[in-house]
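Novice: Sharing input-v8.csv here; it has CSV, N, CA and C atoms.
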chain,number,residue,atom,x,y,z
A,1,MET,N,-11.3,-2.5,20.4
A,1,MET,CA,-12.4,-3.3,19.9
A,1,MET,C,-13.6,-3.1,20.8
A,2,ARG,N,-14.7,-3.2,20.2
A,2,ARG,CA,-16.0,-2.9,20.9
A,2,ARG,C,-16.8,-4.2,21.0
A,3,HIS,N,-17.3,-4.3,22.2
A,3,HIS,CA,-18.2,-5.5,22.5
A,3,HIS,C,-19.4,-4.9,23.1
A,4,GLY,N,-20.4,-4.6,22.3
A,4,GLY,CA,-21.6,-3.9,22.8
A,4,GLY,C,-21.2,-2.5,23.3
A,5,PRO,N,-21.6,-2.2,24.5
A,5,PRO,CA,-21.2,-0.9,25.1
A,5,PRO,C,-19.8,-0.9,25.7
A,6,LEU,N,-19.1,-2.0,25.7
A,6,LEU,CA,-17.8,-2.1,26.3
A,6,LEU,C,-16.7,-1.9,25.2
A,7,LYS,N,-15.8,-0.9,25.4
A,7,LYS,CA,-14.7,-0.7,24.5
A,7,LYS,C,-13.4,-1.0,25.2
A,8,LEU,N,-12.7,-1.9,24.6
A,8,LEU,CA,-11.4,-2.3,25.1
A,8,LEU,C,-10.3,-2.0,24.1
A,9,LYS,N,-9.1,-1.6,24.5
A,9,LYS,CA,-8.0,-1.3,23.7
A,9,LYS,C,-6.8,-2.0,24.2
A,10,ALA,N,-6.3,-3.0,23.5
A,10,ALA,CA,-5.1,-3.7,24.0
A,10,ALA,C,-3.9,-3.0,23.5
A,11,GLN,N,-3.0,-2.6,24.4
A,11,GLN,CA,-1.7,-1.9,24.0
A,11,GLN,C,-0.6,-2.7,24.6
A,12,LEU,N,0.5,-2.9,23.9
A,12,LEU,CA,1.7,-3.5,24.4
A,12,LEU,C,2.7,-2.4,24.5
A,13,LEU,N,3.3,-2.3,25.7
A,13,LEU,CA,4.2,-1.2,26.0
A,13,LEU,C,5.7,-1.6,25.9
A,14,CYS,N,6.5,-0.7,25.5
A,14,CYS,CA,7.9,-0.8,25.5
A,14,CYS,C,8.4,0.4,26.3
A,15,GLY,N,8.7,0.2,27.6
A,15,GLY,CA,8.9,1.4,28.4
A,15,GLY,C,7.7,2.2,28.4
A,16,GLU,N,7.7,3.5,28.0
A,16,GLU,CA,6.6,4.4,28.0
A,16,GLU,C,6.0,4.4,26.5
A,17,ALA,N,6.7,3.8,25.6
A,17,ALA,CA,6.2,3.8,24.2
A,17,ALA,C,5.2,2.7,24.0
A,18,ILE,N,4.2,3.0,23.1
A,18,ILE,CA,3.3,2.0,22.7
A,18,ILE,C,3.9,1.2,21.5
A,19,ALA,N,4.3,-0.1,21.8
A,19,ALA,CA,4.9,-0.9,20.8
A,19,ALA,C,3.9,-1.4,19.8
A,20,MET,N,2.7,-1.7,20.3
A,20,MET,CA,1.6,-2.2,19.4
A,20,MET,C,0.3,-1.9,20.0
A,21,GLY,N,-0.6,-1.4,19.2
A,21,GLY,CA,-2.0,-1.2,19.6
A,21,GLY,C,-2.9,-1.3,18.4
A,22,PRO,N,-4.2,-1.0,18.5
A,22,PRO,CA,-5.0,-1.1,17.4
A,22,PRO,C,-4.7,-0.3,16.2
A,23,GLY,N,-4.3,1.0,16.4
A,23,GLY,CA,-3.9,1.8,15.3
A,23,GLY,C,-2.6,1.4,14.6
A,24,LYS,N,-1.7,0.9,15.3
A,24,LYS,CA,-0.4,0.4,14.7
A,24,LYS,C,-0.7,-0.9,14.0
A,25,ALA,N,-1.6,-1.7,14.5
A,25,ALA,CA,-1.9,-2.9,13.8
A,25,ALA,C,-2.6,-2.6,12.5
A,26,ASP,N,-3.5,-1.6,12.5
A,26,ASP,CA,-4.2,-1.2,11.3
A,26,ASP,C,-3.1,-0.6,10.3
A,27,LEU,N,-2.1,0.1,10.8
A,27,LEU,CA,-1.1,0.7,9.9
A,27,LEU,C,-0.3,-0.5,9.3
A,28,LEU,N,0.1,-1.5,10.0
A,28,LEU,CA,0.8,-2.6,9.5
A,28,LEU,C,0.0,-3.3,8.4
A,29,GLU,N,-1.3,-3.5,8.6
A,29,GLU,CA,-2.1,-4.1,7.6
A,29,GLU,C,-2.2,-3.2,6.3
A,30,ALA,N,-2.3,-1.9,6.5
A,30,ALA,CA,-2.3,-1.0,5.4
A,30,ALA,C,-1.0,-1.0,4.6
A,31,ILE,N,0.1,-1.1,5.3
A,31,ILE,CA,1.5,-1.2,4.6
A,31,ILE,C,1.5,-2.5,3.8
A,32,ALA,N,1.0,-3.6,4.4
A,32,ALA,CA,1.1,-4.8,3.7
A,32,ALA,C,0.2,-4.8,2.4
A,33,ARG,N,-0.9,-4.1,2.5
A,33,ARG,CA,-1.7,-3.9,1.3
A,33,ARG,C,-1.1,-3.0,0.2
A,34,ALA,N,-0.6,-1.8,0.7
A,34,ALA,CA,-0.2,-0.8,-0.2
A,34,ALA,C,1.2,-0.9,-0.7
A,35,GLY,N,2.1,-1.6,0.1
A,35,GLY,CA,3.5,-1.7,-0.2
A,35,GLY,C,4.3,-0.4,-0.1
A,36,SER,N,3.7,0.5,0.7
A,36,SER,CA,4.3,1.8,0.9
A,36,SER,C,3.8,2.4,2.2
A,37,ILE,N,4.7,3.0,2.9
A,37,ILE,CA,4.4,3.6,4.2
A,37,ILE,C,3.5,4.9,4.0
A,38,SER,N,3.9,5.7,3.0
A,38,SER,CA,3.2,6.9,2.8
A,38,SER,C,1.8,6.6,2.2
A,39,ALA,N,1.7,5.6,1.3
A,39,ALA,CA,0.4,5.3,0.8
A,39,ALA,C,-0.5,4.7,1.9
A,40,ALA,N,0.0,3.9,2.8
A,40,ALA,CA,-0.7,3.4,3.9
A,40,ALA,C,-1.2,4.5,4.8
A,41,GLY,N,-0.4,5.5,5.0
A,41,GLY,CA,-0.8,6.6,5.8
A,41,GLY,C,-2.0,7.4,5.2
A,42,ARG,N,-1.8,7.6,3.9
A,42,ARG,CA,-2.9,8.3,3.2
A,42,ARG,C,-4.2,7.5,3.2
A,43,ALA,N,-4.1,6.2,3.1
A,43,ALA,CA,-5.3,5.4,3.2
A,43,ALA,C,-6.0,5.4,4.5
A,44,LEU,N,-5.2,5.7,5.6
A,44,LEU,CA,-5.7,5.7,6.9
A,44,LEU,C,-6.0,7.2,7.4
A,45,GLY,N,-5.7,8.1,6.5
A,45,GLY,CA,-6.0,9.6,6.8
A,45,GLY,C,-4.9,10.1,7.8
A,46,MET,N,-3.7,9.6,7.7
A,46,MET,CA,-2.6,10.1,8.6
A,46,MET,C,-1.7,10.9,7.8
A,47,SER,N,-1.0,11.9,8.5
A,47,SER,CA,0.0,12.6,7.8
A,47,SER,C,1.2,11.8,7.5
A,48,TYR,N,2.0,12.2,6.6
A,48,TYR,CA,3.2,11.5,6.2
A,48,TYR,C,4.1,11.4,7.4
A,49,ARG,N,4.3,12.5,8.1
A,49,ARG,CA,5.2,12.5,9.3
A,49,ARG,C,4.7,11.6,10.4
A,50,ARG,N,3.4,11.6,10.7
A,50,ARG,CA,2.8,10.7,11.7
A,50,ARG,C,3.0,9.3,11.4
A,51,THR,N,2.8,8.9,10.1
A,51,THR,CA,2.9,7.6,9.7
A,51,THR,C,4.4,7.1,9.9
A,52,TRP,N,5.3,7.9,9.5
A,52,TRP,CA,6.7,7.5,9.6
A,52,TRP,C,7.2,7.4,11.1
A,53,LEU,N,6.7,8.3,11.9
A,53,LEU,CA,7.0,8.2,13.3
A,53,LEU,C,6.5,7.0,14.0
A,54,LEU,N,5.3,6.5,13.6
A,54,LEU,CA,4.7,5.3,14.1
A,54,LEU,C,5.5,4.1,13.7
A,55,VAL,N,5.9,4.0,12.4
A,55,VAL,CA,6.7,2.9,12.0
A,55,VAL,C,8.1,2.9,12.7
A,56,ASP,N,8.7,4.1,12.8
A,56,ASP,CA,10.0,4.2,13.5
A,56,ASP,C,9.8,3.7,14.9
A,57,GLU,N,8.8,4.1,15.6
A,57,GLU,CA,8.6,3.7,17.0
A,57,GLU,C,8.4,2.1,17.1
A,58,MET,N,7.6,1.6,16.2
A,58,MET,CA,7.5,0.1,16.2
A,58,MET,C,8.8,-0.6,15.9
A,59,ASN,N,9.5,-0.1,15.0
A,59,ASN,CA,10.8,-0.7,14.6
A,59,ASN,C,11.8,-0.6,15.8
A,60,ARG,N,11.7,0.4,16.6
A,60,ARG,CA,12.7,0.6,17.7
A,60,ARG,C,12.2,-0.2,18.9
A,61,CYS,N,10.9,-0.6,19.0
A,61,CYS,CA,10.4,-1.3,20.2
A,61,CYS,C,10.6,-2.8,20.2
A,62,TRP,N,10.6,-3.4,19.0
A,62,TRP,CA,10.6,-4.8,18.9
A,62,TRP,C,12.0,-5.3,18.6
A,63,GLN,N,12.3,-6.5,19.0
A,63,GLN,CA,13.7,-7.1,18.9
A,63,GLN,C,14.1,-7.1,17.4
A,64,GLU,N,13.1,-7.3,16.5
A,64,GLU,CA,13.4,-7.3,15.1
A,64,GLU,C,12.5,-6.2,14.4
A,65,ARG,N,13.0,-5.6,13.4
A,65,ARG,CA,12.2,-4.6,12.7
A,65,ARG,C,10.9,-5.3,12.2
A,66,LEU,N,9.8,-4.5,12.2
A,66,LEU,CA,8.5,-5.0,11.7
A,66,LEU,C,8.3,-4.6,10.3
A,67,VAL,N,8.9,-3.5,9.9
A,67,VAL,CA,8.7,-2.9,8.5
A,67,VAL,C,10.1,-2.7,7.9
A,68,ALA,N,10.2,-3.2,6.7
A,68,ALA,CA,11.5,-3.0,6.0
A,68,ALA,C,11.2,-2.0,4.9
A,69,THR,N,12.1,-1.0,4.7
A,69,THR,CA,11.9,0.0,3.7
A,69,THR,C,13.0,-0.1,2.6
A,70,GLY,N,12.6,0.4,1.4
A,70,GLY,CA,13.5,0.5,0.3
A,70,GLY,C,14.3,1.7,0.4
A,71,ARG,N,15.3,1.9,-0.4
A,71,ARG,CA,16.2,3.1,-0.4
A,71,ARG,C,15.6,4.2,-1.2
A,72,GLY,N,15.7,5.4,-0.7
A,72,GLY,CA,15.3,6.6,-1.5
A,72,GLY,C,13.8,6.7,-1.6
A,73,GLY,N,13.3,7.8,-2.2
A,73,GLY,CA,11.9,8.0,-2.4
A,73,GLY,C,11.3,7.0,-3.3
A,74,GLY,N,10.1,6.5,-3.0
A,74,GLY,CA,9.4,5.5,-3.8
A,74,GLY,C,10.0,4.1,-3.7
A,75,GLY,N,10.8,3.9,-2.6
A,75,GLY,CA,11.4,2.6,-2.5
A,75,GLY,C,10.5,1.5,-2.0
A,76,GLY,N,9.3,1.9,-1.5
A,76,GLY,CA,8.4,0.9,-1.0
A,76,GLY,C,8.7,0.4,0.4
A,77,ALA,N,7.8,-0.4,0.9
A,77,ALA,CA,7.9,-0.9,2.2
A,77,ALA,C,7.2,-2.3,2.3
A,78,THR,N,7.7,-3.1,3.1
A,78,THR,CA,7.0,-4.4,3.3
A,78,THR,C,7.1,-4.8,4.8
A,79,LEU,N,6.2,-5.7,5.2
A,79,LEU,CA,6.3,-6.2,6.5
A,79,LEU,C,7.4,-7.3,6.5
A,80,THR,N,8.2,-7.3,7.5
A,80,THR,CA,9.2,-8.4,7.7
A,80,THR,C,8.4,-9.6,8.2
A,81,ASP,N,9.1,-10.8,8.2
A,81,ASP,CA,8.5,-12.0,8.8
A,81,ASP,C,8.1,-11.7,10.3
A,82,ALA,N,9.0,-10.9,11.0
A,82,ALA,CA,8.6,-10.6,12.4
A,82,ALA,C,7.4,-9.7,12.4
A,83,GLY,N,7.3,-8.8,11.4
A,83,GLY,CA,6.1,-7.9,11.4
A,83,GLY,C,4.8,-8.7,11.1
A,84,ARG,N,4.8,-9.6,10.2
A,84,ARG,CA,3.7,-10.5,10.0
A,84,ARG,C,3.3,-11.3,11.2
A,85,GLU,N,4.3,-11.8,11.9
A,85,GLU,CA,4.1,-12.6,13.1
A,85,GLU,C,3.5,-11.8,14.2
A,86,VAL,N,4.1,-10.6,14.5
A,86,VAL,CA,3.6,-9.8,15.6
A,86,VAL,C,2.2,-9.3,15.3
A,87,LEU,N,1.9,-9.0,14.0
A,87,LEU,CA,0.5,-8.5,13.6
A,87,LEU,C,-0.4,-9.7,13.9
A,88,ALA,N,-0.1,-10.9,13.4
A,88,ALA,CA,-1.0,-12.0,13.6
A,88,ALA,C,-1.2,-12.3,15.1
A,89,ALA,N,-0.2,-12.3,15.9
A,89,ALA,CA,-0.3,-12.5,17.3
A,89,ALA,C,-1.1,-11.5,18.0
A,90,TYR,N,-1.0,-10.2,17.6
A,90,TYR,CA,-1.8,-9.1,18.2
A,90,TYR,C,-3.2,-9.3,17.8
A,91,ARG,N,-3.5,-9.6,16.6
A,91,ARG,CA,-4.9,-9.8,16.2
A,91,ARG,C,-5.5,-11.0,16.9
A,92,ALA,N,-4.7,-12.1,17.2
A,92,ALA,CA,-5.2,-13.2,17.9
A,92,ALA,C,-5.5,-12.8,19.4
A,93,LEU,N,-4.6,-12.0,19.9
A,93,LEU,CA,-4.8,-11.4,21.3
A,93,LEU,C,-6.2,-10.7,21.4
A,94,GLU,N,-6.4,-9.8,20.4
A,94,GLU,CA,-7.7,-9.1,20.4
A,94,GLU,C,-8.9,-10.0,20.3
A,95,ALA,N,-8.8,-11.1,19.5
A,95,ALA,CA,-9.9,-12.0,19.4
A,95,ALA,C,-10.1,-12.8,20.7
A,96,ALA,N,-9.0,-13.1,21.4
A,96,ALA,CA,-9.1,-13.8,22.7
A,96,ALA,C,-9.7,-12.9,23.7
A,97,ILE,N,-9.4,-11.6,23.7
A,97,ILE,CA,-10.0,-10.7,24.7
A,97,ILE,C,-11.5,-10.6,24.4
A,98,ASP,N,-11.8,-10.4,23.1
A,98,ASP,CA,-13.2,-10.3,22.7
A,98,ASP,C,-14.0,-11.5,23.2
A,99,GLU,N,-13.5,-12.7,22.9
A,99,GLU,CA,-14.1,-14.0,23.3
A,99,GLU,C,-14.3,-14.0,24.9
A,100,ALA,N,-13.3,-13.6,25.6
A,100,ALA,CA,-13.3,-13.7,27.0
A,100,ALA,C,-14.4,-12.7,27.6
A,101,VAL,N,-14.5,-11.6,27.0
A,101,VAL,CA,-15.5,-10.6,27.4
A,101,VAL,C,-16.9,-11.2,27.2
A,102,GLY,N,-17.1,-11.8,26.1
A,102,GLY,CA,-18.4,-12.4,25.8
A,102,GLY,C,-18.8,-13.5,26.7
A,103,ALA,N,-17.8,-14.2,27.3
A,103,ALA,CA,-18.1,-15.3,28.2
A,103,ALA,C,-18.1,-14.9,29.7
A,104,THR,N,-17.9,-13.6,30.0
A,104,THR,CA,-17.8,-13.1,31.4
A,104,THR,C,-19.2,-12.7,31.9
A,105,ALA,N,-19.5,-13.4,33.0
A,105,ALA,CA,-20.8,-13.1,33.7
A,105,ALA,C,-20.9,-11.6,34.2
A,106,ALA,N,-19.7,-11.1,34.6
A,106,ALA,CA,-19.7,-9.8,35.2
A,106,ALA,C,-20.1,-8.8,34.1
A,107,PHE,N,-19.6,-9.0,32.8
A,107,PHE,CA,-19.9,-8.1,31.7
A,107,PHE,C,-21.4,-8.2,31.4
A,108,ALA,N,-21.9,-9.4,31.4
A,108,ALA,CA,-23.4,-9.7,31.1
A,108,ALA,C,-24.2,-8.9,32.2
A,109,ALA,N,-23.8,-9.0,33.4
A,109,ALA,CA,-24.6,-8.3,34.5
A,109,ALA,C,-24.6,-6.8,34.3
A,110,LEU,N,-23.4,-6.2,33.9
A,110,LEU,CA,-23.4,-4.8,33.7
A,110,LEU,C,-24.1,-4.4,32.4
A,111,ASP,N,-24.0,-5.2,31.4
A,111,ASP,CA,-24.6,-4.9,30.1
A,111,ASP,C,-26.1,-4.9,30.3
A,112,GLY,N,-26.7,-5.8,31.1
A,112,GLY,CA,-28.1,-5.9,31.3
A,112,GLY,C,-28.7,-4.7,32.1
A,113,ARG,N,-27.8,-4.0,32.8
A,113,ARG,CA,-28.3,-2.8,33.6
A,113,ARG,C,-28.1,-1.5,32.9
A,114,LEU,N,-27.4,-1.5,31.8
A,114,LEU,CA,-27.0,-0.2,31.2
A,114,LEU,C,-28.0,0.2,30.2
A,115,ARG,N,-28.3,1.5,30.2
A,115,ARG,CA,-29.3,2.1,29.3
A,115,ARG,C,-28.6,2.1,27.9
A,116,ALA,N,-29.4,2.1,26.8
A,116,ALA,CA,-28.9,2.2,25.5
A,116,ALA,C,-28.3,3.6,25.2
A,117,VAL,N,-29.0,4.6,25.8
A,117,VAL,CA,-28.5,6.0,25.7
A,117,VAL,C,-28.8,6.7,27.0
A,118,PRO,N,-28.0,7.8,27.3
A,118,PRO,CA,-28.3,8.5,28.6
A,118,PRO,C,-29.7,9.2,28.6
A,119,LEU,N,-30.2,9.3,29.7
A,119,LEU,CA,-31.5,10.1,29.9
A,119,LEU,C,-31.2,11.6,29.5
A,120,VAL,N,-32.2,12.2,29.0
A,120,VAL,CA,-32.1,13.6,28.7
A,120,VAL,C,-31.9,14.4,30.0
A,121,ARG,N,-30.9,15.3,30.0
A,121,ARG,CA,-30.6,16.2,31.1
A,121,ARG,C,-31.8,17.1,31.4
A,122,MET,N,-32.2,17.2,32.7
A,122,MET,CA,-33.3,18.1,33.1
A,122,MET,C,-32.6,19.3,33.6
A,123,GLU,N,-33.0,20.5,33.0
A,123,GLU,CA,-32.4,21.7,33.5
A,123,GLU,C,-33.3,22.5,34.3
Transcribe the structure of this file into structure tokens.

Specialist:
Amino acid sequence: MRHGPLKLKAQLLCGEAIAMGPGKADLLEAIARAGSISAAGRALGMSYRRTWLLVDEMNRCWQERLVATGRGGGGGATLTDAGREVLAAYRALEAAIDEAVGATAAFAALDGRLRAVPLVRME
């Protein structure tokens, strides 16, 4: 998420694996819309393999599966109750971080001193 010139990325870790981050949250939202893992990946410009690997990693990291899949090709996919709850909680966390940054005097002090763009390099 971006707050002016500050870019923050909230990631929840499961060991060394990223259990949830902005890209995985976007993928969950796309699966909810499309009803398919492969269609969600296409909508986000991801390869079929990458999409499935991300879903598999999420399903292995959480106590309950976040995505349920149908049997065989074209079986579809849906978010489980846990998937919807984790996604909603993650988006709430992002909103809380964004709100906290906006209310932080330290960020305001830095933002006030930062140039809009770097100076041109003198050679």

Novice: So that I can check the secondary structure, give me every residue of chain A assigned helix (DSSP H, G or I) by backbone DSSP, as number ranges by chain.

Specialist: A: 22-34, 37-43, 48-61, 81-102, 105-113

Novice: Have a look at A:Leu27, A:Ala10, A:Leu66, A:Thr104 and name the one nearest to Val86 in chain A; count all atoms listed in the file.

Specialist: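 Checking each of A:Leu27, A:Ala10, A:Leu66, A:Thr104 against Val86 in chain A, counting all atoms listed in the file, the winner is A:Leu66.
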
Novice: Suppose you want the space between CA of Ala19 in chain A and CA of Ala34 in chain A; what is it in Å?

Specialist: 21.6 Å

Novice: Using only N, CA and C atoms, determine which residues lie at most 8 Å from range 111-116 of chain A, disregarding the query and same-chain residues fewer than 6 positions distant; provide the list as a list in words.

Specialist: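 Answer for this query is Gly4, Pro5, Leu6 and Ala105 of chain A.
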
Novice: Counting only C-alpha atoms, what is within 9 Å of Thr51 in chain A, bar same-chain residues fewer than 4 positions away, as a PDB file with N, CA and C atoms, in the frame of the given file?

Specialist:
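File written: out06.pdb
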ATOM      1  N   LEU A  27      -2.100   0.100  10.800  1.00  0.00           N
ATOM      2  CA  LEU A  27      -1.100   0.700   9.900  1.00  0.00           C
ATOM      3  C   LEU A  27      -0.300  -0.500   9.300  1.00  0.00           C
ATOM      4  N   ILE A  37       4.700   3.000   2.900  1.00  0.00           N
ATOM      5  CA  ILE A  37       4.400   3.600   4.200  1.00  0.00           C
ATOM      6  C   ILE A  37       3.500   4.900   4.000  1.00  0.00           C
ATOM      7  N   SER A  38       3.900   5.700   3.000  1.00  0.00           N
ATOM      8  CA  SER A  38       3.200   6.900   2.800  1.00  0.00           C
ATOM      9  C   SER A  38       1.800   6.600   2.200  1.00  0.00           C
ATOM     10  N   ALA A  40       0.000   3.900   2.800  1.00  0.00           N
ATOM     11  CA  ALA A  40      -0.700   3.400   3.900  1.00  0.00           C
ATOM     12  C   ALA A  40      -1.200   4.500   4.800  1.00  0.00           C
ATOM     13  N   GLY A  41      -0.400   5.500   5.000  1.00  0.00           N
ATOM     14  CA  GLY A  41      -0.800   6.600   5.800  1.00  0.00           C
ATOM     15  C   GLY A  41      -2.000   7.400   5.200  1.00  0.00           C
ATOM     16  N   ARG A  42      -1.800   7.600   3.900  1.00  0.00           N
ATOM     17  CA  ARG A  42      -2.900   8.300   3.200  1.00  0.00           C
ATOM     18  C   ARG A  42      -4.200   7.500   3.200  1.00  0.00           C
ATOM     19  N   MET A  46      -3.700   9.600   7.700  1.00  0.00           N
ATOM     20  CA  MET A  46      -2.600  10.100   8.600  1.00  0.00           C
ATOM     21  C   MET A  46      -1.700  10.900   7.800  1.00  0.00           C
ATOM     22  N   SER A  47      -1.000  11.900   8.500  1.00  0.00           N
ATOM     23  CA  SER A  47       0.000  12.600   7.800  1.00  0.00           C
ATOM     24  C   SER A  47       1.200  11.800   7.500  1.00  0.00           C
ATOM     25  N   VAL A  55       5.900   4.000  12.400  1.00  0.00           N
ATOM     26  CA  VAL A  55       6.700   2.900  12.000  1.00  0.00           C
ATOM     27  C   VAL A  55       8.100   2.900  12.700  1.00  0.00           C
ATOM     28  N   ASP A  56       8.700   4.100  12.800  1.00  0.00           N
ATOM     29  CA  ASP A  56      10.000   4.200  13.500  1.00  0.00           C
ATOM     30  C   ASP A  56       9.800   3.700  14.900  1.00  0.00           C
TER      31      ASP A  56
END

Novice: Using all atoms listed in the file, can you tell me which of A:Ala106, A:Gly35, A:Met122, A:Tyr90 comes closest to Gly21 in chain A?

Specialist: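 With all atoms listed in the file as the atom set, the closest residue is A:Tyr90.
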
Novice: Kindly give the distance, in Å, that separates CA of Leu110 in chain A and atom C of Lys9 in chain A, rounded to a single decimal.

Specialist: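 Computing the Euclidean distance for CA of Leu110 in chain A and atom C of Lys9 in chain A yields 19.3 Å.
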
Novice: When you draw a straight line from atom C of Ala68 in chain A to atom N of Thr80 in chain A, how long is it in Å?

Specialist: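 Pair atom C of Ala68 in chain A / atom N of Thr80 in chain A returns 6.6 Å.
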
Novice: Do you know which residues are at most 8 Å from Cys14 in chain A counting all atoms listed in the file, after dropping those on the same chain fewer than 3 positions away, and could you put them as an mmCIF file with N, CA and C atoms, keeping the file's coordinate frame?

Specialist:
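Once written, around.cif looks like this:
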data_model
loop_
_atom_site.group_PDB
_atom_site.id
_atom_site.type_symbol
_atom_site.label_atom_id
_atom_site.label_comp_id
_atom_site.auth_asym_id
_atom_site.auth_seq_id
_atom_site.Cartn_x
_atom_site.Cartn_y
_atom_site.Cartn_z
ATOM 1 N N GLN A 11 -3.000 -2.600 24.400
ATOM 2 C CA GLN A 11 -1.700 -1.900 24.000
ATOM 3 C C GLN A 11 -0.600 -2.700 24.600
ATOM 4 N N ALA A 17 6.700 3.800 25.600
ATOM 5 C CA ALA A 17 6.200 3.800 24.200
ATOM 6 C C ALA A 17 5.200 2.700 24.000
ATOM 7 N N ILE A 18 4.200 3.000 23.100
ATOM 8 C CA ILE A 18 3.300 2.000 22.700
ATOM 9 C C ILE A 18 3.900 1.200 21.500
ATOM 10 N N ALA A 19 4.300 -0.100 21.800
ATOM 11 C CA ALA A 19 4.900 -0.900 20.800
ATOM 12 C C ALA A 19 3.900 -1.400 19.800
ATOM 13 N N MET A 20 2.700 -1.700 20.300
ATOM 14 C CA MET A 20 1.600 -2.200 19.400
ATOM 15 C C MET A 20 0.300 -1.900 20.000
ATOM 16 N N ARG A 60 11.700 0.400 16.600
ATOM 17 C CA ARG A 60 12.700 0.600 17.700
ATOM 18 C C ARG A 60 12.200 -0.200 18.900
ATOM 19 N N CYS A 61 10.900 -0.600 19.000
ATOM 20 C CA CYS A 61 10.400 -1.300 20.200
ATOM 21 C C CYS A 61 10.600 -2.800 20.200
ATOM 22 N N TRP A 62 10.600 -3.400 19.000
ATOM 23 C CA TRP A 62 10.600 -4.800 18.900
ATOM 24 C C TRP A 62 12.000 -5.300 18.600
#

Novice: Leaving out Ser36 in chain A and any residue of its chain fewer than 6 positions from it, which residues lie within 9 Å of it when counting only C-alpha atoms, given as a PDB file with N, CA and C atoms, in the frame of the given file?

Specialist:
ATOM      1  N   ALA A  30      -2.300  -1.900   6.500  1.00  0.00           N
ATOM      2  CA  ALA A  30      -2.300  -1.000   5.400  1.00  0.00           C
ATOM      3  C   ALA A  30      -1.000  -1.000   4.600  1.00  0.00           C
ATOM      4  N   THR A  69      12.100  -1.000   4.700  1.00  0.00           N
ATOM      5  CA  THR A  69      11.900   0.000   3.700  1.00  0.00           C
ATOM      6  C   THR A  69      13.000  -0.100   2.600  1.00  0.00           C
ATOM      7  N   GLY A  74      10.100   6.500  -3.000  1.00  0.00           N
ATOM      8  CA  GLY A  74       9.400   5.500  -3.800  1.00  0.00           C
ATOM      9  C   GLY A  74      10.000   4.100  -3.700  1.00  0.00           C
ATOM     10  N   GLY A  75      10.800   3.900  -2.600  1.00  0.00           N
ATOM     11  CA  GLY A  75      11.400   2.600  -2.500  1.00  0.00           C
ATOM     12  C   GLY A  75      10.500   1.500  -2.000  1.00  0.00           C
ATOM     13  N   GLY A  76       9.300   1.900  -1.500  1.00  0.00           N
ATOM     14  CA  GLY A  76       8.400   0.900  -1.000  1.00  0.00           C
ATOM     15  C   GLY A  76       8.700   0.400   0.400  1.00  0.00           C
ATOM     16  N   ALA A  77       7.800  -0.400   0.900  1.00  0.00           N
ATOM     17  CA  ALA A  77       7.900  -0.900   2.200  1.00  0.00           C
ATOM     18  C   ALA A  77       7.200  -2.300   2.300  1.00  0.00           C
ATOM     19  N   THR A  78       7.700  -3.100   3.100  1.00  0.00           N
ATOM     20  CA  THR A  78       7.000  -4.400   3.300  1.00  0.00           C
ATOM     21  C   THR A  78       7.100  -4.800   4.800  1.00  0.00           C
TER      22      THR A  78
END

Novice: Would you please work out which residue, of A:Arg121, A:Met58, A:Gly45, A:Met1, is nearest to Pro22 in chain A when using only C-alpha atoms?

Specialist: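 So, comparing all the options, the nearest one is A:Met1.
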
Novice: Run DSSP on the backbone and grab whatever in range 5-118 of chain A lands in strand (DSSP E); send it over as a ChimeraX atom specification.

Specialist: /A:6-7,12-14,17-20,67-69,77-79

Novice: Out of A:Lys24, A:Arg49, A:Lys7, A:Arg2, which residue has the shortest atom-to-atom distance to Leu87 in chain A when counting only N, CA and C atoms?

Specialist: A:Lys24

Novice: So, with all atoms listed in the file as the atoms that count, which of A:Leu79, A:Leu13, A:Ala95, A:Ala108 lies closest to Ala32 in chain A?

Specialist: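 For Ala32 in chain A, the nearest of the candidates is A:Leu79.
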